[in-house]
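Asker: Supplied in structure tokens, the structure appears directly below.
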Amino acid sequence: MNIKPVLEIKGLSVSFRIKDQYHPAVDHLDLTVNPNEVLAVVGESGCGKSALALSIPQLHDMERTRVEGKVLFKGTDLIRLSSGQMNKIRGAGIGMIFQDPLTALNPLMCIGKQIEENLDYHTSLSTKQKRERVLELLESVDIPNPVRVYEQYPHELSGGMRQRVMIAIAIACRPSLIIADEPTTALDVTIQSQILDLLKQLQQETGSGIILITHDLGVVAEVADRVVVMYAGEIVESADVFELFRHPQHPYTRSLLASMPGSHTKGEPLHVIGGIVPSLQDIPRNSCRFASRIPWIQQRMHEDHPRLSEISPGHWVRCTCYQHFHFEDETKGEAAHGTTRDK
Ligand SMILES: Nc1ncnc2c1ncn2[C@@H]1O[C@H](COP(=O)(O)OP(=O)(O)OP(=O)(O)O)[C@@H](O)[C@H]1O
């Protein structure tokens with residue numbers, strides 16, 4: 001069966017202006033999200049995940065940002081839409097959930113009215129129908145006592161409850177796509193798990209596609225169907241979640257996985273590859289962007305202008321360096337290079 005993606009991103013570049021020059025934080029990126037699918041985008045801080053997330057609903061400050069390529073939402077290129085056209089899609093076709101509901105919610109408006117605002121803008125429900133729909137939404141995100149919460153203000157709710165409200169707002173108009181940018185990062189582990197279960201359950205009920213941005217591989221393992229690993233503005237690996245966790249290939253993916261609590265042998269320290277994500281001006285644009293963090297791999301083992309190659313059906317990896325990467329070489333390599341790392 002031919003499934004039509006809800007989101008197709010083609011050749012997307014998002015560049016920020018720094019001292020009158022534009023530097024891509026997302027660089028010629030392609031990805032698709034299908035209905036009924038949770039696509040996780042992972043990477044360390046500074047890899048370009050939020051730059052990507054904000055470019056879908058066109059939320060960048062266009063005074064300082066250049067967005068190029070195609071962002072096709074059910075076939076319509078969002079980059080080409082006017083702000084009026086975009087407003088109609090934002091909140092209706094596309095729902096958004098961000099890390100910090102306290103800044104996203106209006107502190108002066110009660111919860112019920114905030115959810116109703118979205119319905120006001122995108123539907124023609126009567127006042128009575130709107131209230132009923134809001135109570136139904138609060139119930140669907142497992143908020144106890146929806147009638148009371150309807151009247152409450154954001155500061156009266158716990159972090160987990162506020163995030164449930166954000167989810168209720170995001171799903172209010174039954175969007176085909178939900179963008180969740182670090183939705184559980186601010187929450188403690190038990191609540192995190194409940195929120196993720198809720199997202200997954202709602203997604204299964206509505207058939208929407210979710211793009212889940214996170215730095216946390218534990219979150220990925222819990223809910224994702226497919227995973228895209230980003231490094232310095234590029235996808236370095238993408239695969240089905242099981243394949244990625246069982247057969248990670250790119251040195252960056254492998255180091256992310258090896259640094260996950262629970263992934264290492266008992267009693268041994270977590271494995272962490274040294275170095276940091278380069279700043280935008282320092283990203284090497286024509287060679288392997290991860291090379292400087294694995295200096296024990298010789299330059300000739302890397303590709304010039306590395307491309308994504310499909311190494312097994314649906315499993316894509318960038319640069320040939322993955323074929324030469326072994327963790328045990330790291331210590332030898334460091335000795336040979338005289339490099340030291342923070343302990
Ligand atoms: N408005 C901006 N102006 C200039 N540079 C920016 C701007 N926003 C982000 N950047 C830079 O773009 C790169 C990607 O940032 P981005 O926030 O997308 O990363 P991220 O992976 O989402 O990290 P985090 O999880 O910390 O948000 C970083 O180098 C960041 O410093």
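As shown in the structure tokens, the chain order sets the letters A, B, ...; within each chain, residues go from 1, and ligands are also counted from 1 in the order they appear.
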Excluding segment 149-151 of chain A and its own-chain neighbours fewer than 2 positions away, which residues fall within 6 Å of it when counting only C-alpha atoms? Please give them as a list in words.
Answerer: Cys110, Ile111, Gly112, Pro146 and Val147 of chain A
Asker: Using N, CA and C atoms, can you export the residues from the last selection as a CSV table (one decimal), in the first residue's frame?
Answerer:
```
chain,number,residue,atom,x,y,z
A,110,CYS,N,-7.5,31.4,32.2
A,110,CYS,CA,-7.8,30.1,32.8
A,110,CYS,C,-7.6,29.0,31.7
A,111,ILE,N,-7.3,27.8,32.1
A,111,ILE,CA,-7.0,26.7,31.2
A,111,ILE,C,-8.0,26.5,30.2
A,112,GLY,N,-9.3,26.4,30.6
A,112,GLY,CA,-10.4,26.2,29.7
A,112,GLY,C,-10.4,27.2,28.5
A,146,PRO,N,-11.8,17.5,35.3
A,146,PRO,CA,-11.7,18.5,34.2
A,146,PRO,C,-12.5,19.8,34.5
A,147,VAL,N,-13.6,19.7,35.2
A,147,VAL,CA,-14.5,20.9,35.4
A,147,VAL,C,-13.7,21.9,36.3
```
Asker: Hey, which residues come within 7 Å of ligand 1 if we count only C-alpha atoms and all ligand atoms? Could you give them as an MDAnalysis selection string?
Answerer: chainID A and resid 16:18 25 43:52 215 279:280
Asker: Using DSSP assignments from the backbone, pull out every residue in segment 14-196 of chain A that falls under strand (DSSP E) and give it to me as a PyMOL selection string.
Answerer: chain A and resi 14-18+21-33+38-42+65-73+76-77+94-97+177-181
Asker: List as a list in words the protein and nucleic acid residues near Ile167 of chain A, meaning an atom at most 9 Å away when only C-alpha atoms are counted, but skip any in the same chain fewer than 4 places from it.
Answerer: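 Here the answer would be Gly95, Met96, Ile97, Val141, Arg162, Gln163, Ile171, Ala172 and Leu199 of chain A.
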Asker: I need the residues of segment 66-212 of chain A that end up classed as helix (DSSP H, G or I) by DSSP on the backbone, written out as an NGL selection string.
Answerer: :A and (78-80 or 83-89 or 101-104 or 111-122 or 127-140 or 146-151 or 154-156 or 159-171 or 189-206)
Asker: Using atom CA of His302 of chain A and atom CA of Tyr322 of chain A as the two end points, give the distance in Å to one decimal.
Answerer: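 Atom-to-atom, atom CA of His302 of chain A and atom CA of Tyr322 of chain A are spaced 8.6 Å apart.
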Asker: If we count only C-alpha atoms, what is near Leu105 of chain A at a cut-off of 8 Å, once residues fewer than 2 positions away on the same chain are taken out, given as a compact mmCIF listing (two decimals) with C-alpha atoms, in the first residue's frame?
Answerer:
```
# COMPACT_ATOMS: atom_id res chain seq x y z
CA PRO A 101 4.46 24.82 29.13
CA LEU A 102 4.74 27.65 31.64
CA THR A 103 6.17 30.01 29.02
CA PRO A 107 -0.55 33.04 32.94
CA GLN A 114 -6.82 28.80 26.50
CA PRO A 154 -1.38 27.60 34.83
CA MET A 166 -0.32 21.69 26.27
```
Asker: One decimal, in Å: what's the spacing between atom CA of Asn87 of chain A and atom CA of Asp225 of chain A?
Answerer: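 One can read the atom CA of Asn87 of chain A to atom CA of Asp225 of chain A distance as 29.1 Å.
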Asker: Just want the 9 Å neighbourhood of Val272 of chain A, counted on only C-alpha atoms, with same-chain residues fewer than 6 positions away dropped. Output as a list in words.
Answerer: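 What passes the distance filter is Ser255, Leu256, Ala258 and Ser259 of chain A.
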Asker: With N, CA and C atoms kept, could you save the residues just selected as a PDB file, in the first residue's frame?
Answerer:
```
ATOM      1  N   SER A 255      28.296   6.375  20.034  1.00  0.00           N
ATOM      2  CA  SER A 255      28.733   7.016  21.270  1.00  0.00           C
ATOM      3  C   SER A 255      27.541   7.541  22.065  1.00  0.00           C
ATOM      4  N   LEU A 256      26.496   8.007  21.376  1.00  0.00           N
ATOM      5  CA  LEU A 256      25.286   8.422  22.104  1.00  0.00           C
ATOM      6  C   LEU A 256      24.698   7.232  22.856  1.00  0.00           C
ATOM      7  N   ALA A 258      26.236   4.450  23.735  1.00  0.00           N
ATOM      8  CA  ALA A 258      27.141   3.934  24.767  1.00  0.00           C
ATOM      9  C   ALA A 258      27.148   4.839  25.999  1.00  0.00           C
ATOM     10  N   SER A 259      26.709   6.082  25.812  1.00  0.00           N
ATOM     11  CA  SER A 259      26.708   6.973  26.973  1.00  0.00           C
ATOM     12  C   SER A 259      25.360   6.956  27.696  1.00  0.00           C
TER      13      SER A 259
END
```
Asker: Extract, using only C-alpha atoms, all DNA, RNA and protein residues at most 9 Å from Gln323 of chain A, discarding same-chain residues fewer than 4 positions from it, and format them as a PyMOL selection string.
Answerer: chain A and resi 249-250+301+319
Asker: With only C-alpha atoms as the counted atoms, please give the residues lying no more than 6 Å from Val14 of chain A, apart from itself and same-chain residues fewer than 5 positions off, as a list in words.
Answerer: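 Here the answer would be Pro24, Ala25, Val26, Arg66 and Val67 of chain A.
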Asker: Would you export the selected residues with N, CA and C atoms as an mmCIF file, in the first residue's frame, please?
Answerer:
```cif
data_model
loop_
_atom_site.group_PDB
_atom_site.id
_atom_site.type_symbol
_atom_site.label_atom_id
_atom_site.label_comp_id
_atom_site.auth_asym_id
_atom_site.auth_seq_id
_atom_site.Cartn_x
_atom_site.Cartn_y
_atom_site.Cartn_z
ATOM 1 N N PRO A 24 24.403 27.878 8.092
ATOM 2 C CA PRO A 24 23.346 26.869 8.251
ATOM 3 C C PRO A 24 23.462 26.093 9.567
ATOM 4 N N ALA A 25 22.340 26.048 10.307
ATOM 5 C CA ALA A 25 22.251 25.203 11.504
ATOM 6 C C ALA A 25 21.582 23.890 11.131
ATOM 7 N N VAL A 26 20.824 23.927 10.033
ATOM 8 C CA VAL A 26 20.272 22.720 9.417
ATOM 9 C C VAL A 26 20.714 22.807 7.967
ATOM 10 N N ARG A 66 17.287 32.440 7.535
ATOM 11 C CA ARG A 66 16.949 32.121 6.143
ATOM 12 C C ARG A 66 16.543 30.651 6.088
ATOM 13 N N VAL A 67 15.365 30.392 5.551
ATOM 14 C CA VAL A 67 14.888 29.006 5.459
ATOM 15 C C VAL A 67 14.738 28.667 3.978
#
```
Asker: Figure out the distance between atom CA of Val33 of chain A and atom CA of Leu177 of chain A, please, to one decimal in Å.
Answerer: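 Computing the Euclidean distance for atom CA of Leu177 of chain A and atom CA of Val33 of chain A yields 8.5 Å.
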Asker: With only C-alpha atoms as the atoms that count, which of A:Arg293, A:Asn106, A:Cys321, A:Gly233 lies nearest to His23 of chain A?
Answerer: A:Gly233
Asker: May I ask which of the residues A:Ile9, A:Leu212, A:Ile311, A:Leu39 is the closest one to Gln99 of chain A, counting only C-alpha atoms?
Answerer: A:Leu212
Asker: Smallest atom-to-atom distance to Ala170 of chain A: which of A:Asn145, A:Thr214, A:Thr206, A:Asn118, using only C-alpha atoms?
Answerer: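 Closest to Ala170 of chain A of all the choices is A:Asn118.
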Asker: With the cut-off set at 12 Å and counting only C-alpha atoms, tabulate each residue of segment 164-277 of chain A with an atom at most that distance from an atom of segment 68-85 of chain A, showing the nearest atom pair and its distance in Å to one decimal, ordered by chain and increasing number, as a tab-separated table.
Answerer:
```
residue	atom	partner	partner_atom	distance
A:Pro175	CA	A:Phe73	CA	11.3
A:Ser176	CA	A:Lys74	CA	8.7
A:Leu177	CA	A:Phe73	CA	8.5
A:Ile178	CA	A:Phe73	CA	11.5
A:Ser208	CA	A:Lys74	CA	11.8
A:Gly209	CA	A:Phe73	CA	11.0
```
Asker: With N, CA and C atoms kept, could you save the residues just selected as an mmCIF file, in the first residue's frame?
Answerer:
```cif
data_model
loop_
_atom_site.group_PDB
_atom_site.id
_atom_site.type_symbol
_atom_site.label_atom_id
_atom_site.label_comp_id
_atom_site.auth_asym_id
_atom_site.auth_seq_id
_atom_site.Cartn_x
_atom_site.Cartn_y
_atom_site.Cartn_z
ATOM 1 N N PRO A 175 -4.965 17.423 14.794
ATOM 2 C CA PRO A 175 -3.967 17.683 13.755
ATOM 3 C C PRO A 175 -3.445 16.386 13.120
ATOM 4 N N SER A 176 -2.961 16.505 11.896
ATOM 5 C CA SER A 176 -2.372 15.318 11.253
ATOM 6 C C SER A 176 -0.916 15.172 11.661
ATOM 7 N N LEU A 177 -0.334 16.299 12.140
ATOM 8 C CA LEU A 177 1.082 16.258 12.529
ATOM 9 C C LEU A 177 1.242 16.939 13.882
ATOM 10 N N ILE A 178 1.997 16.305 14.782
ATOM 11 C CA ILE A 178 2.304 16.938 16.065
ATOM 12 C C ILE A 178 3.816 17.084 16.155
ATOM 13 N N SER A 208 -2.267 10.407 13.818
ATOM 14 C CA SER A 208 -1.399 11.513 13.404
ATOM 15 C C SER A 208 0.064 11.063 13.339
ATOM 16 N N GLY A 209 0.875 11.850 12.669
ATOM 17 C CA GLY A 209 2.321 11.609 12.676
ATOM 18 C C GLY A 209 2.926 12.505 13.747
#
```
